[in-house]
Every structure is written in C-alpha cells, then in structure tokens.
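Structure file coords.cif with mmCIF, C-alpha atoms and all ligand atoms:
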```
data_start
loop_
_atom_site.label_atom_id
_atom_site.label_comp_id
_atom_site.auth_asym_id
_atom_site.auth_seq_id
_atom_site.Cartn_x
_atom_site.Cartn_y
_atom_site.Cartn_z
CA MET A 549 25.62 -35.17 50.65
CA ALA A 550 25.39 -31.57 51.65
CA PRO A 551 28.39 -29.34 51.50
CA ILE A 552 30.17 -29.14 54.82
CA ARG A 553 30.45 -25.59 55.90
CA ARG A 554 30.74 -23.32 58.86
CA LEU A 555 27.70 -21.17 59.24
CA ALA A 556 26.90 -17.78 60.52
CA LEU A 557 26.07 -17.10 64.10
CA VAL A 558 22.75 -15.34 63.90
CA ALA A 559 22.38 -13.74 67.28
CA VAL A 560 24.31 -13.78 70.51
CA ALA A 561 23.07 -12.22 73.72
CA ALA A 562 25.57 -10.13 75.63
CA ALA A 563 27.88 -12.05 77.90
CA VAL A 564 30.21 -10.50 80.41
CA GLY A 565 33.66 -11.80 81.17
CA VAL A 566 33.27 -15.04 79.24
CA GLY A 567 36.35 -17.22 79.16
CA PHE A 568 38.40 -15.52 81.84
CA GLY A 569 38.59 -18.39 84.29
CA PRO A 570 37.04 -18.85 87.70
CA ALA A 571 36.75 -15.12 88.37
CA ALA A 572 34.53 -14.71 85.30
CA GLU A 573 30.99 -13.60 85.89
CA ALA A 574 28.36 -16.28 85.49
CA ALA A 575 26.08 -15.68 82.53
CA VAL A 576 23.32 -17.49 80.72
CA GLN A 577 22.92 -16.69 77.06
CA THR A 578 20.38 -17.62 74.44
CA LEU A 579 22.28 -18.46 71.29
CA VAL A 580 20.42 -18.79 68.01
CA PHE A 581 22.15 -20.62 65.17
CA LYS A 582 21.13 -21.71 61.68
CA SER A 583 22.24 -24.59 59.52
CA GLY A 584 23.02 -24.06 55.87
CA PRO A 585 20.11 -23.81 53.46
CA VAL A 586 18.39 -27.05 52.47
CA THR A 587 16.35 -27.13 49.28
CA VAL A 588 13.61 -29.73 49.07
CA THR A 589 11.85 -30.58 45.82
CA PRO A 590 8.05 -31.05 45.79
CA TYR A 591 6.76 -33.96 47.92
CA ASP A 592 10.26 -35.38 48.31
CA ALA A 593 12.19 -36.28 51.45
CA ILE A 594 15.81 -35.37 51.84
CA THR A 595 18.57 -36.17 54.34
CA ARG A 596 21.44 -33.85 55.11
CA THR A 597 24.55 -34.07 57.21
CA ALA A 598 26.55 -30.93 57.86
CA LEU A 599 28.98 -29.32 60.23
CA ILE A 600 27.18 -26.52 62.04
CA ASP A 601 28.06 -23.61 64.27
CA SER A 602 28.32 -24.09 68.01
CA PRO A 603 29.04 -21.86 71.01
CA ALA A 604 32.44 -20.22 70.61
CA VAL A 605 33.47 -20.32 74.27
CA ASP A 606 33.61 -23.01 76.94
CA GLY A 607 30.36 -23.51 78.83
CA TYR A 608 27.35 -25.73 79.30
CA VAL A 609 24.24 -26.36 77.22
CA THR A 610 21.30 -26.19 79.61
CA GLY A 611 18.56 -26.26 76.98
CA ILE A 612 18.16 -26.74 73.23
CA LYS A 613 15.37 -26.83 70.68
CA ALA A 614 15.17 -26.73 66.89
CA ASP A 615 12.80 -25.50 64.19
CA LEU A 616 12.70 -25.13 60.46
CA VAL A 617 12.64 -21.52 59.29
CA ASP A 618 12.31 -19.81 55.93
CA GLY A 619 14.53 -17.08 54.50
CA SER A 620 12.83 -14.42 56.59
CA GLY A 621 13.27 -16.39 59.81
CA LYS A 622 9.63 -17.41 60.02
CA VAL A 623 8.97 -20.89 61.43
CA VAL A 624 7.91 -23.36 58.75
CA PRO A 625 5.26 -25.72 60.16
CA ASN A 626 5.27 -29.50 59.79
CA THR A 627 2.32 -29.22 57.42
CA GLN A 628 4.55 -27.42 54.89
CA VAL A 629 8.09 -28.71 55.25
CA MET A 630 8.29 -31.35 57.92
CA LEU A 631 11.24 -31.75 60.21
CA HIS A 632 11.06 -35.54 60.23
CA HIS A 633 13.98 -35.68 62.59
CA VAL A 634 17.19 -33.87 63.37
CA VAL A 635 20.09 -35.23 65.41
CA PHE A 636 22.82 -33.06 66.90
CA ALA A 637 26.22 -34.58 67.64
CA LYS A 638 29.55 -33.45 69.05
CA ILE A 639 32.15 -34.53 66.53
CA GLY A 640 35.08 -36.57 67.80
CA ALA A 641 33.51 -37.34 71.19
CA PRO A 642 32.50 -40.93 72.00
CA ASP A 643 28.80 -41.62 72.05
CA TYR A 644 27.45 -43.23 75.23
CA THR A 645 25.87 -46.22 73.51
CA CYS A 646 27.75 -46.15 70.19
CA PRO A 647 31.32 -45.18 71.11
CA GLY A 648 32.80 -46.41 67.84
CA THR A 649 31.27 -43.58 65.82
CA ARG A 650 33.25 -40.83 67.59
CA SER A 651 30.17 -38.72 67.18
CA GLN A 652 28.34 -37.99 70.43
CA ARG A 653 24.61 -37.67 69.89
CA PHE A 654 23.42 -35.10 72.42
CA PHE A 655 20.04 -33.92 71.18
CA ALA A 656 17.38 -34.99 68.73
CA GLU A 657 13.84 -34.09 67.87
CA GLY A 658 11.32 -34.68 65.15
CA GLU A 659 7.68 -34.19 64.37
CA GLU A 660 6.97 -34.21 68.11
CA HIS A 661 9.17 -31.11 68.63
CA TYR A 662 10.87 -32.04 71.88
CA ALA A 663 12.71 -29.18 73.58
CA MET A 664 15.39 -30.26 76.02
CA SER A 665 15.75 -28.35 79.27
CA LEU A 666 17.93 -29.43 82.19
CA PRO A 667 17.14 -28.74 85.84
CA THR A 668 18.97 -25.79 87.43
CA GLY A 669 22.59 -26.51 88.26
CA TYR A 670 23.16 -29.03 85.47
CA GLY A 671 24.61 -28.64 81.99
CA TYR A 672 25.98 -30.53 79.02
CA PRO A 673 29.65 -29.48 78.92
CA ASN A 674 30.90 -27.93 75.71
CA LYS A 675 34.18 -26.41 74.66
CA GLY A 676 34.56 -23.48 72.33
CA SER A 677 36.87 -25.73 70.29
CA ASN A 678 34.23 -28.47 69.89
CA HIS A 679 32.58 -29.00 66.53
CA TRP A 680 28.94 -29.90 66.12
CA GLY A 681 27.33 -31.81 63.30
CA LEU A 682 23.73 -32.41 62.41
CA LEU A 683 21.83 -35.08 60.57
CA ALA A 684 18.46 -33.89 59.34
CA MET A 685 15.65 -35.49 57.40
CA LEU A 686 13.10 -33.10 55.91
CA MET A 687 10.01 -33.69 53.84
CA ASN A 688 8.28 -31.17 51.61
CA HIS A 689 4.48 -31.33 51.66
CA LEU A 690 4.15 -28.39 49.27
CA PRO A 691 3.83 -28.52 45.48
CA GLY A 692 6.77 -26.16 44.96
CA THR A 693 10.49 -26.39 45.68
CA HIS A 694 11.31 -24.83 49.05
CA THR A 695 14.48 -23.79 50.82
CA VAL A 696 14.59 -23.96 54.59
CA TRP A 697 17.12 -23.75 57.39
CA VAL A 698 17.35 -25.69 60.65
CA ARG A 699 17.33 -23.04 63.38
CA TYR A 700 18.48 -24.19 66.79
CA THR A 701 18.23 -22.22 69.98
CA VAL A 702 20.77 -23.07 72.66
CA THR A 703 20.58 -21.92 76.27
CA TYR A 704 24.22 -21.65 77.26
CA ALA A 705 25.77 -21.07 80.70
CA THR A 706 29.28 -19.72 81.08
CA GLY A 707 31.53 -18.51 83.87
CA GLU A 708 30.47 -21.02 86.53
CA PRO A 709 30.91 -24.76 86.89
CA LEU A 710 27.73 -26.80 86.57
CA SER A 711 27.21 -30.48 87.31
CA PRO A 712 27.87 -32.21 83.99
CA VAL A 713 25.34 -34.46 82.29
CA LYS A 714 25.88 -37.20 79.72
CA PRO A 715 23.35 -37.83 76.94
CA ILE A 716 22.32 -41.48 76.67
CA TRP A 717 20.85 -42.43 73.29
CA LEU A 718 18.73 -45.59 73.15
CA ASP A 719 17.12 -46.93 70.00
CA MET A 720 15.97 -50.23 68.54
CA ASN A 721 19.00 -50.82 66.33
CA ASN A 722 21.66 -48.62 67.77
CA CYS A 723 24.54 -47.13 65.78
CA LYS A 724 22.68 -46.96 62.48
CA ALA A 725 22.30 -43.54 60.84
CA ASP A 726 18.72 -44.43 59.99
CA PRO A 727 17.54 -46.54 62.94
CA ILE A 728 14.34 -47.85 61.37
CA TYR A 729 12.49 -51.14 61.36
CA ASP A 730 9.16 -52.45 60.14
CA VAL A 731 6.13 -53.58 62.12
CA PRO A 732 4.53 -56.40 60.08
CA GLY A 733 0.97 -55.61 61.17
CA THR A 734 -0.16 -59.21 60.88
CA GLY A 735 -1.82 -59.40 64.30
CA ALA A 736 -5.49 -59.22 65.27
CA ALA A 737 -7.22 -56.00 66.26
CA GLY A 738 -5.64 -54.65 69.44
CA SER A 739 -2.42 -56.65 69.09
CA THR A 740 0.92 -54.97 69.64
CA SER A 741 4.52 -55.42 68.59
CA ALA A 742 7.30 -54.71 71.09
CA ARG A 743 11.02 -54.35 70.52
CA LYS A 744 13.59 -53.65 73.17
CA VAL A 745 17.17 -52.56 73.64
CA ASP A 746 19.21 -53.02 76.81
CA LEU A 747 22.10 -51.03 78.23
CA THR A 748 24.13 -52.27 81.18
CA MET A 749 24.86 -49.04 83.00
CA PRO A 750 28.62 -48.47 83.11
CA GLU A 751 28.24 -45.98 85.98
CA SER A 752 25.76 -44.77 88.55
CA GLY A 753 23.82 -41.56 88.28
CA ARG A 754 20.50 -39.83 88.03
CA LEU A 755 18.41 -39.32 84.92
CA LEU A 756 17.28 -35.70 84.90
CA THR A 757 15.20 -35.53 81.75
CA ALA A 758 14.30 -37.55 78.66
CA GLY A 759 12.27 -37.28 75.48
CA GLY A 760 11.09 -39.87 73.00
CA HIS A 761 10.58 -40.34 69.26
CA MET A 762 8.16 -42.72 67.56
CA HIS A 763 6.40 -42.90 64.21
CA GLY A 764 2.86 -43.62 63.07
CA GLY A 765 1.31 -46.57 64.90
CA GLY A 766 3.32 -45.88 68.07
CA ILE A 767 1.69 -46.76 71.39
CA LYS A 768 4.43 -46.05 73.94
CA LEU A 769 8.13 -46.03 74.78
CA VAL A 770 8.89 -47.58 78.14
CA LEU A 771 12.14 -46.93 79.99
CA SER A 772 12.65 -49.55 82.69
CA ASP A 773 15.29 -50.76 85.09
CA GLN A 774 15.16 -54.53 84.73
CA THR A 775 17.57 -55.05 87.63
CA CYS A 776 15.18 -53.28 89.99
CA GLY A 777 12.13 -54.69 88.18
CA ARG A 778 10.44 -51.34 87.64
CA THR A 779 9.31 -48.90 85.00
CA LEU A 780 11.10 -45.57 85.27
CA PHE A 781 9.24 -43.50 82.70
CA THR A 782 6.76 -44.03 79.87
CA SER A 783 6.78 -41.63 76.93
CA GLN A 784 3.35 -41.53 75.28
CA PRO A 785 2.42 -40.14 71.87
CA SER A 786 -0.23 -37.49 71.22
CA TRP A 787 -1.94 -37.39 67.84
CA ASN A 788 -3.86 -34.15 67.82
CA GLY A 789 -2.87 -31.31 65.56
CA PRO A 790 -3.03 -30.76 61.85
CA ILE A 791 -2.22 -33.71 59.61
CA PRO A 792 0.27 -32.78 56.90
CA LEU A 793 -1.39 -33.19 53.49
CA PRO A 794 -0.99 -34.74 51.04
CA LEU A 795 -0.22 -37.86 53.03
CA LEU A 796 3.33 -38.80 52.09
CA HIS A 797 3.75 -41.30 54.92
CA GLU A 798 1.80 -42.40 57.96
CA PRO A 799 1.67 -39.32 60.23
CA GLY A 800 3.79 -39.45 63.37
CA PRO A 801 2.93 -38.24 66.87
CA THR A 802 2.51 -34.49 67.23
CA LYS A 803 4.04 -34.80 70.68
CA MET A 804 5.79 -37.37 72.85
CA SER A 805 5.61 -36.93 76.60
CA SER A 806 8.86 -36.08 78.36
CA PHE A 807 9.92 -35.72 81.99
CA GLN A 808 12.13 -33.50 84.05
CA SER A 809 13.27 -34.11 87.61
CA PRO A 810 15.74 -32.04 89.66
CA LEU A 811 16.36 -35.06 91.90
CA GLY A 812 16.62 -37.45 88.98
CA ILE A 813 15.73 -41.10 88.51
CA PRO A 814 18.44 -43.19 90.20
CA VAL A 815 20.18 -45.87 88.16
CA ALA A 816 23.14 -47.79 89.55
CA ALA A 817 26.24 -49.11 87.81
CA GLY A 818 25.48 -52.58 86.49
CA ASP A 819 21.73 -51.99 86.24
CA ASP A 820 20.06 -53.26 83.09
CA LEU A 821 18.45 -50.15 81.61
CA ARG A 822 15.87 -51.12 78.98
CA LEU A 823 13.93 -49.20 76.36
CA THR A 824 10.87 -50.95 74.93
CA ALA A 825 9.05 -49.58 71.88
CA VAL A 826 5.44 -50.74 71.62
CA TYR A 827 3.60 -50.37 68.32
CA ASP A 828 0.17 -51.33 67.08
CA ASN A 829 0.47 -54.61 65.17
CA SER A 830 -3.03 -54.82 63.71
CA ARG A 831 -1.84 -53.16 60.50
CA PRO A 832 1.61 -52.57 59.00
CA HIS A 833 3.79 -49.64 60.06
CA THR A 834 6.92 -49.32 57.97
CA ARG A 835 10.15 -47.43 58.68
CA VAL A 836 9.29 -46.84 62.33
CA MET A 837 11.61 -45.73 65.09
CA GLY A 838 11.79 -46.11 68.84
CA ILE A 839 14.26 -43.64 70.32
CA MET A 840 14.79 -42.09 73.70
CA ILE A 841 17.51 -39.68 74.69
CA ALA A 842 18.00 -39.38 78.46
CA TYR A 843 20.42 -37.14 80.33
CA LEU A 844 22.45 -38.70 83.14
CA ALA A 845 24.15 -36.81 85.94
CA PRO A 846 26.80 -39.25 87.18
CA THR A 847 26.78 -39.57 90.96
CA LEU A 848 26.84 -42.25 93.62
CA VAL A 849 23.59 -44.21 93.78
CA ALA A 850 22.77 -47.17 95.98
CA GLY A 851 20.93 -50.02 94.23
CA CYS A 852 17.26 -49.43 93.44
CA GLU A 853 16.81 -46.20 95.38
CA PRO A 854 13.26 -44.83 95.27
CA VAL A 855 12.22 -42.98 92.13
CA PRO A 856 11.28 -39.37 92.94
CA GLY A 857 8.20 -37.64 91.60
CA LEU A 858 8.66 -36.55 88.00
CA THR A 859 7.41 -33.43 86.31
CA ILE A 860 5.84 -34.82 83.16
CA ASP A 861 5.04 -32.82 80.06
CA LEU A 862 2.28 -35.21 79.09
CA GLY A 863 0.48 -33.72 76.10
CA THR A 864 -2.82 -35.39 75.31
CA PRO A 865 -1.85 -39.02 74.76
CA GLY A 866 -4.12 -41.47 73.02
CA PRO A 867 -4.12 -44.51 70.75
CA PRO A 868 -2.57 -44.07 67.30
CA THR A 869 -4.82 -42.79 64.57
CA ASN A 870 -5.78 -45.22 61.83
CA ILE A 871 -4.96 -43.43 58.60
CA ALA A 872 -4.57 -45.27 55.32
CA VAL A 873 -2.00 -43.54 53.11
CA PRO A 874 -3.05 -43.63 49.44
CA LEU A 875 -0.64 -43.88 46.51
CA LEU A 876 -0.36 -40.36 45.13
CA GLN A 877 0.57 -41.59 41.69
CA LYS A 878 -1.38 -44.44 40.14
CA PRO A 879 1.00 -47.22 39.05
CA SER A 880 0.93 -47.46 35.26
CA GLY A 881 2.14 -49.64 32.41
CA PRO A 882 1.31 -53.20 31.46
CA LEU A 883 0.44 -55.78 34.10
CA ARG A 884 3.53 -57.99 34.46
CA LYS A 885 2.57 -61.52 35.51
CA ASN A 886 4.87 -63.88 37.39
CA ILE A 887 8.06 -61.84 37.05
CA LYS A 888 10.68 -62.43 39.72
CA GLY A 889 11.88 -58.85 40.02
CA THR A 890 12.28 -55.45 38.49
CA TRP A 891 14.65 -52.48 38.46
CA VAL A 892 14.50 -49.27 40.47
CA GLY A 893 15.84 -46.27 38.59
CA ASP A 894 15.88 -42.59 39.31
CA TYR A 895 12.28 -41.76 40.11
CA THR A 896 10.63 -44.85 38.65
CA TYR A 897 10.15 -48.58 39.14
CA GLY A 898 10.65 -50.73 36.04
CA ALA A 899 7.43 -52.70 36.50
CA GLN A 900 4.73 -50.74 38.31
CA ARG A 901 1.90 -53.28 38.03
CA VAL A 902 2.82 -56.81 38.98
CA SER A 903 0.99 -60.05 39.72
CA VAL A 904 2.80 -63.00 41.30
CA LYS A 905 2.00 -66.24 43.06
CA ARG A 906 2.24 -66.58 46.82
CA GLY A 907 5.75 -67.68 47.81
CA THR A 908 7.47 -65.64 45.12
CA ARG A 909 10.80 -64.18 46.12
CA PHE A 910 10.85 -60.80 44.39
CA THR A 911 14.06 -58.83 43.83
CA TRP A 912 14.47 -55.11 43.18
CA ARG A 913 17.72 -54.20 41.41
CA PHE A 914 18.68 -50.57 42.01
CA THR A 915 20.14 -48.61 39.10
CA GLY A 916 19.63 -44.99 40.20
CA THR A 917 22.27 -42.41 41.01
CA VAL A 918 20.35 -41.12 44.04
CA PRO A 919 19.10 -43.32 46.89
CA HIS A 920 15.68 -44.93 46.62
CA ASP A 921 13.85 -47.61 48.51
CA VAL A 922 10.88 -49.96 48.37
CA THR A 923 8.42 -49.36 51.22
CA LEU A 924 5.05 -50.94 51.87
CA VAL A 925 2.34 -48.29 52.17
CA THR A 926 -0.66 -50.58 52.64
CA GLY A 927 -0.93 -54.33 52.32
CA PRO A 928 -0.91 -57.64 54.19
CA VAL A 929 2.64 -57.43 55.65
CA GLY A 930 4.90 -54.46 56.41
CA PHE A 931 8.36 -54.48 54.88
CA SER A 932 10.86 -52.01 53.44
CA SER A 933 14.30 -51.87 51.91
CA PRO A 934 17.19 -49.69 52.98
CA TRP A 935 17.98 -46.57 50.92
CA THR A 936 19.90 -48.00 47.98
CA THR A 937 21.77 -46.72 44.96
CA SER A 938 23.09 -48.27 41.76
CA GLY A 939 24.36 -51.81 42.16
CA GLY A 940 22.32 -52.65 45.24
CA ARG A 941 19.50 -55.14 45.43
CA PHE A 942 16.75 -56.07 47.84
CA SER A 943 14.54 -59.15 47.99
CA HIS A 944 11.29 -59.93 49.72
CA THR A 945 9.34 -63.21 49.79
CA PHE A 946 5.59 -62.70 49.55
CA THR A 947 4.08 -65.27 51.90
CA ARG A 948 0.62 -63.72 52.23
CA PRO A 949 -1.77 -63.10 49.36
CA GLY A 950 -3.26 -59.68 48.83
CA THR A 951 -2.56 -56.26 47.34
CA TYR A 952 0.77 -54.67 48.23
CA LYS A 953 0.89 -50.94 47.56
CA LEU A 954 4.48 -49.74 47.55
CA PHE A 955 6.36 -46.49 47.18
CA CYS A 956 9.80 -45.00 47.58
CA SER A 957 9.66 -43.26 50.96
CA LEU A 958 12.03 -40.57 49.66
CA HIS A 959 9.97 -39.88 46.53
CA PRO A 960 6.46 -41.00 47.47
CA ALA A 961 4.64 -38.88 44.90
CA ARG A 962 6.80 -40.04 42.03
CA MET A 963 7.62 -43.71 42.57
CA THR A 964 4.79 -46.18 43.14
CA GLU A 965 4.22 -49.85 42.44
CA VAL A 966 1.46 -52.32 43.17
CA ILE A 967 2.04 -56.06 43.51
CA GLN A 968 -0.89 -58.41 43.53
CA VAL A 969 -0.01 -61.66 45.30
CA ARG A 970 -2.30 -64.50 44.26
CA LYS A 971 -3.07 -67.63 46.28
CA LYS A 972 -1.98 -69.69 43.26
CU CU A 1001 13.19 -42.65 45.34
#
```
Kindly present the structure from the file in structure tokens form.
Amino acid sequence: MAPIRRLALVAVAAAVGVGFGPAAEAAVQTLVFKSGPVTVTPYDAITRTALIDSPAVDGYVTGIKADLVDGSGKVVPNTQVMLHHVVFAKIGAPDYTCPGTRSQRFFAEGEEHYAMSLPTGYGYPNKGSNHWGLLAMLMNHLPGTHTVWVRYTVTYATGEPLSPVKPIWLDMNNCKADPIYDVPGTGAAGSTSARKVDLTMPESGRLLTAGGHMHGGGIKLVLSDQTCGRTLFTSQPSWNGPIPLPLLHEPGPTKMSSFQSPLGIPVAAGDDLRLTAVYDNSRPHTRVMGIMIAYLAPTLVAGCEPVPGLTIDLGTPGPPTNIAVPLLQKPSGPLRKNIKGTWVGDYTYGAQRVSVKRGTRFTWRFTGTVPHDVTLVTGPVGFSSPWTTSGGRFSHTFTRPGTYKLFCSLHPARMTEVIQVRKK
C-alpha cells in the first residue's frame, strides 16, 4: 500500500488566540490540506490508504469537502481521473457502527461529490493530537500515467464550544473496507433489488445532515425509522453530466441528494434506524454500494417526535441510465471448451475465451502479485470476486446460459475474458 507519511499543510487562514482556553477568541478557519501524491497508470484503478494532515489545534469540523488536484493545484475532473470514493477516518477512535476497527469514519464522498456542512452551532469535535487517515479509490480515464493529490478543504471552528455531532456510517455490509455487493439483474423490466441494514440507536438525538453514495443502476437510498414506521429521508441519484470515457465501469450518479436541518430529524434511543438501497434489477450491476453517512447531535428526544422540514439539495434526480459497458480489449487466444477453471495472473487471464455447459462450477486461481478480480461487465447474471492476490481462488456456478463478458475492475482495459455458457 501507499507509504504512510505526514503531509504538508497547504494553507491556513489566520486564527487569533487559538488554543488558549475559554478566553480565546472564537474563529472559523478554512484549512486546505493535500494527501500525498498518487500515481495512476492508464485506465487502471488504484486504492490508497494513508495518514494525512489534520487541524493542529483543538476545535470542530463544521464542513468538509474533497477534490482531486494536479501538481499545479487545478481540480482534476471525474472525466480524467475519477475520485471513485474517498473515506476520511479519525484513527484510534471507535466508529459508530463498526467500533472494532478503532477507525472512526467521519466523512466520505465519491463521484457524486458530496460536501458536508453542519448547521450553525454544531461541529465534529477534533483534537490537535488526533490523527486522520484516508482510504481513496481513484480511476484513470486518460491514456497516460497521471499523478494526482486528494485535496480536502476543512471548515474549522476554534475558541468556542459547539454542540458535538457524531458521524453515523451505514452501508450494506458494514465494517468491510470495500463494502460492495452485486445486483444479479435477473428481474423483468422495471424490477428492483433492495438491500437493507439496521441500526438500533444506542442514544437519542437529532440527525442534522446526511449524504449518500450509490453506483450505476442506483434508484434510491431510503433512511427510515422502523420503530416509528416512517421514512426520514430519501437520497436520490442524478445522472446528468459528462460520462467519463472510455467506459471503464458502469457510470455512477453525478450527484446524490442530501439534506440539512438545523432542528434535525429526531431519533430516539432504541429506535430501529434502517438504510435501504434500491437498485434496478432488470440488468446486472456489479460492485455496487449503498452508503449513507448521517450526523447525529445527541440530545433528549421523545419517541417519534415530528420530523421538521428539511432543506434538501436535490439535484435533478431521475432513473438510472442504461449504458452497456464494452470490453476495451477483445479477449484473445484459443477457445477453451469445457474447462473447469483458469488462472489469473498479473494483467491477464489464463483462458480468455471459454465455452462451458450450464451448471459448470468455474474456478479462478489467482497467481498475481498485485490484486485482481473477476467482475461481470455484461451478461445474464451479475457476480464478482473480491480483490485477490496469489494463492486465492474464487468460484462461480453458471446457472443461466448466455454470454458472460468479464473484466478485472482494477485493470479493465488490460484484463478481459468471455465465457459462453451453453444450454448443453
Ligand atoms: Cu487486475
């Protein structure tokens, strides 16, 4: 993985009297930080974890957003190098829904470019001694190798106590670094696939803001309070905006709606808070996510108090676009009939053209030194393997006949395979 390093503070606005106790003057600063450089080879995806700089004095994060920038500080758009997703975490602090990791996820964004902003008077508490880490996944849509930095802009309040908020991370398979799953896409036109995750609220409070993250094929993310039998907020995807070319995966939403509310959505201790991710199921969508991060201000709440009006940053939501991703590299080599598996090496599949009978259990044996996967691009049923290195294996049973076009989602322009599944 990436070298772990402390990185330079790029710009700090003037702050007066920071860190001198209650008498200190209140100040709000805009802090701009950069991660270390990340170099991405042509058409490849890359993941990075790194320790990053954070505010040097005690205070509160009241807003945060992130971008990719080039060496001159210019923003790099999604159509060039895509910020698939980036997750910020406070190291050593327990996460709300995944306390075992000792890594408190407090902000995330992706292709939809969510910017978190808390209502006045609230902040995410941070100490100058805290350490931040980031997990980023980037994808290069350009034919050349490019080096980029994750730039993050933090609005930071010091010198006055704010009401603290706690970030609540909800996703469809919590506590995994890569919280993905596959939508099989075996339903009729108009059919959907829903997954859900539940959190029994350990305390009462008010949700002040939340943003969502979905992938291609996403219809909506629904946050509900099952105890009160009501929907609290629905995050909807927008699909307008330039499509990054060449297509290296199914394009994700260009925006997900978010809300902000100074009064906050009341949730009581013991309430069953549920996040439901709804995807189109009329065609496969592989490696999808359903994530919401909501910010809770703990306070006394009676059961099922009325939900106040929300300020919603809606975007222009609509149904997911139907875009078929082609294989960028034509699978080559001899047609291998009725084999039961193949190997996956660095940047190639052993057998790239395969024909098997329905019912065949096919096994990929990984031999590469860098992680690869097997991901359905188009075909009768969506499936994918985890990122795997040498010694790992993955099996899939082909129950439906048809043409399965596959690639490695990390190296989609280099590693392709097609499996023809015959009725007999
Ligand atoms: Cu690969």
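Of the listed residues A:Gly619, A:Gly893, A:Gly707, A:Pro673, the one whose atoms come nearest to Lys582 in chain A is A:Gly619, with distances taken using all atoms listed in the file.
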Practice task
Choose the residue, out of A:Asn721, A:Thr945, A:Thr917, A:Thr703, that has the smallest atom-to-atom separation from ligand CU 1001 (chain A); count only C-alpha atoms and all ligand atoms.
Solution key: A:Thr917
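With distances taken over all atoms listed in the file, A:His763 is the one residue among A:His763, A:Thr859, A:Ala575, A:Asp606 lying closest to His632 in chain A.
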Exercise for the section: Pick out the residues no farther than 10 Å from ligand CU 1001 (chain A), counting only C-alpha atoms and all ligand atoms, and list them as a ChimeraX atom specification. Expected result: /A:592-593,892-897,916,918-922,935-937,955-964
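Shell of range 905-913 of chain A at 9 Å, with only C-alpha atoms counted and residues fewer than 5 places along the chain excluded, is A:Lys885, A:Asn886, A:Ile887, A:Lys888, A:Gly889, A:Thr890, A:Trp891, A:Val892, A:Gly893, A:Tyr897, A:Val922, A:Ser938, A:Gly939, A:Gly940, A:Arg941, A:Phe942, A:Ser943, A:His944, A:Thr945, A:Phe946, A:Thr947, A:Arg948, A:Pro949, A:Gln968, A:Val969, A:Arg970, A:Lys971, A:Lys972.
When all atoms listed in the file are used to compute distances to Ser932 in chain A, the closest of the residues A:Met840, A:Ile860, A:Val731, A:Ala899 turns out to be A:Val731.
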Exercise for the section: Pick out the residues sitting within 8 Å of Gly753 in chain A, and hand them over as a PyMOL selection string; count all atoms listed in the file, and ignore anything fewer than 6 positions along from it in its own chain. Expected result: chain A and resi 814-817+844-849
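Atom pair CA of Val702 in chain A / CA of Ala842 in chain A has a distance of 17.5 Å (rounded to one decimal).
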Practice task
Mind checking which residues fall within 7 Å of Thr834 in chain A, counting only C-alpha atoms, ignoring those fewer than 6 positions away in the same chain, and posting them as a ChimeraX atom specification?
Solution key: /A:729-731,923-924,930-932
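Note that CA of Asn722 in chain A and CA of Gly818 in chain A are 19.5 Å apart.
Atom pair CA of Cys776 in chain A / CA of Leu823 in chain A has a distance of 14.3 Å (rounded to one decimal).
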Could you pull range 789-807 of chain A out of the block above and give me C-alpha atoms, as a PDB file, in the first residue's frame?
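Final output, saved to part-v7.pdb:
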```
ATOM      1  CA  GLY A 789     -23.168  15.496 -16.513  1.00  0.00           C
ATOM      2  CA  PRO A 790     -20.364  14.234 -18.678  1.00  0.00           C
ATOM      3  CA  ILE A 791     -19.834  10.481 -18.834  1.00  0.00           C
ATOM      4  CA  PRO A 792     -16.194   9.555 -18.285  1.00  0.00           C
ATOM      5  CA  LEU A 793     -14.848   7.874 -21.427  1.00  0.00           C
ATOM      6  CA  PRO A 794     -13.685   5.310 -22.213  1.00  0.00           C
ATOM      7  CA  LEU A 795     -16.232   3.429 -20.140  1.00  0.00           C
ATOM      8  CA  LEU A 796     -14.218   1.533 -17.541  1.00  0.00           C
ATOM      9  CA  HIS A 797     -17.227   0.656 -15.400  1.00  0.00           C
ATOM     10  CA  GLU A 798     -20.906   1.497 -15.299  1.00  0.00           C
ATOM     11  CA  PRO A 799     -21.041   5.252 -14.576  1.00  0.00           C
ATOM     12  CA  GLY A 800     -22.238   6.248 -11.119  1.00  0.00           C
ATOM     13  CA  PRO A 801     -24.536   9.106 -10.129  1.00  0.00           C
ATOM     14  CA  THR A 802     -23.156  12.591 -10.732  1.00  0.00           C
ATOM     15  CA  LYS A 803     -24.950  13.689  -7.588  1.00  0.00           C
ATOM     16  CA  MET A 804     -26.846  12.191  -4.664  1.00  0.00           C
ATOM     17  CA  SER A 805     -29.366  14.387  -2.885  1.00  0.00           C
ATOM     18  CA  SER A 806     -28.514  15.371   0.674  1.00  0.00           C
ATOM     19  CA  PHE A 807     -30.349  17.218   3.447  1.00  0.00           C
TER      20      PHE A 807
END
```
